[in-house]
Amino acid sequence: MTADILSSMGYALLLTVLLEGLFGVIWGVRGGRNYIIMLLANVMTNPLVNVIHSFFAYELRLSGFAMVLITAVLEFAAVIAEWLVYKSRTDIKRPFLFSLCANGFSFLCGIIINIFLR
């Protein structure tokens, strides 16, 4: 991987951690342990989702509906993985809904940021 890709993935992870942490504050998540677990869950899922997404987009040169479908499947997989972590390791209320909303929030913020960076 080139330095640009690694840098981009680092920014994506940092942004995801910050945005989902902010979402946790809005959701009413309490306790430093919960935030550490949220951080670790994102470190577990975000780079993997980005690597797989990049593979399909740049190596296989997929686009259009195929990439929308792949993105949806990858994001939903991240929601499920994080939900399982939150359900078993935190006291976050309604962990599936939290995971779905936190991921949706950071995903939409990422889209908005990318629109402004173009």
# chains A, B, ... in the order shown; residues from 1 in each chain; ligands from 1

call {"tool": "residues_around", "arguments": {"residues": "range 108-114 of chain A", "least_positions_apart": "6", "cutoff": "12 Å", "atoms": "only C-alpha atoms", "output": "count of residues only"}}
result
16

call {"tool": "residues_around", "arguments": {"residues": "range 52-62 of chain A", "least_positions_apart": "6", "cutoff": "12 Å", "atoms": "only C-alpha atoms", "output": "MDAnalysis selection string"}}
result
chainID A and resid 1 5:6 8:9 45:46 68:75 77:78

call {"tool": "atom_distance", "arguments": {"atom1": "CA of Val79 in chain A", "atom2": "CA of Val29 in chain A"}}
result
17.2 Å

call {"tool": "residues_around", "arguments": {"residues": "range 31-44 of chain A", "least_positions_apart": "4", "cutoff": "7 Å", "atoms": "only C-alpha atoms", "output": "ChimeraX atom specification"}}
result
/A:17,21,82,85,90

call {"tool": "residues_around", "arguments": {"residues": "Phe98 in chain A", "least_positions_apart": "6", "cutoff": "9 Å", "atoms": "only C-alpha atoms", "output": "number ranges by chain"}}
result
A: 23-24, 27, 83, 86, 92

call {"tool": "write_last_selection", "arguments": {"atoms": "N, CA, C and O atoms", "output": "PDB file, in the first residue's frame"}}
result
ATOM      1  N   PHE A  23     -21.043  10.697  18.997  1.00  0.00           N
ATOM      2  CA  PHE A  23     -22.375  10.099  18.990  1.00  0.00           C
ATOM      3  C   PHE A  23     -22.655   9.403  20.316  1.00  0.00           C
ATOM      4  O   PHE A  23     -23.771   9.472  20.836  1.00  0.00           O
ATOM      5  N   GLY A  24     -21.637   8.761  20.887  1.00  0.00           N
ATOM      6  CA  GLY A  24     -21.801   8.121  22.194  1.00  0.00           C
ATOM      7  C   GLY A  24     -22.182   9.122  23.270  1.00  0.00           C
ATOM      8  O   GLY A  24     -23.039   8.847  24.121  1.00  0.00           O
ATOM      9  N   TRP A  27     -25.748   9.968  22.704  1.00  0.00           N
ATOM     10  CA  TRP A  27     -26.582   8.817  23.068  1.00  0.00           C
ATOM     11  C   TRP A  27     -26.698   8.677  24.585  1.00  0.00           C
ATOM     12  O   TRP A  27     -27.623   8.079  25.095  1.00  0.00           O
ATOM     13  N   TRP A  83     -21.976  -4.333  17.239  1.00  0.00           N
ATOM     14  CA  TRP A  83     -23.103  -4.659  18.105  1.00  0.00           C
ATOM     15  C   TRP A  83     -22.763  -5.838  19.022  1.00  0.00           C
ATOM     16  O   TRP A  83     -23.032  -5.789  20.232  1.00  0.00           O
ATOM     17  N   TYR A  86     -20.444  -4.549  21.659  1.00  0.00           N
ATOM     18  CA  TYR A  86     -21.139  -3.682  22.618  1.00  0.00           C
ATOM     19  C   TYR A  86     -22.084  -4.480  23.502  1.00  0.00           C
ATOM     20  O   TYR A  86     -22.195  -4.226  24.703  1.00  0.00           O
ATOM     21  N   ILE A  92     -23.919  -0.278  27.224  1.00  0.00           N
ATOM     22  CA  ILE A  92     -24.617   0.647  26.324  1.00  0.00           C
ATOM     23  C   ILE A  92     -26.044   0.167  26.130  1.00  0.00           C
ATOM     24  O   ILE A  92     -26.278  -1.015  25.864  1.00  0.00           O
TER      25      ILE A  92
END

call {"tool": "select_by_dssp", "arguments": {"residues": "range 29-113 of chain A", "states": "alpha helix (DSSP H)", "output": "VMD selection string"}}
result
chain A and resid 32 to 54 64 to 89 95 to 113
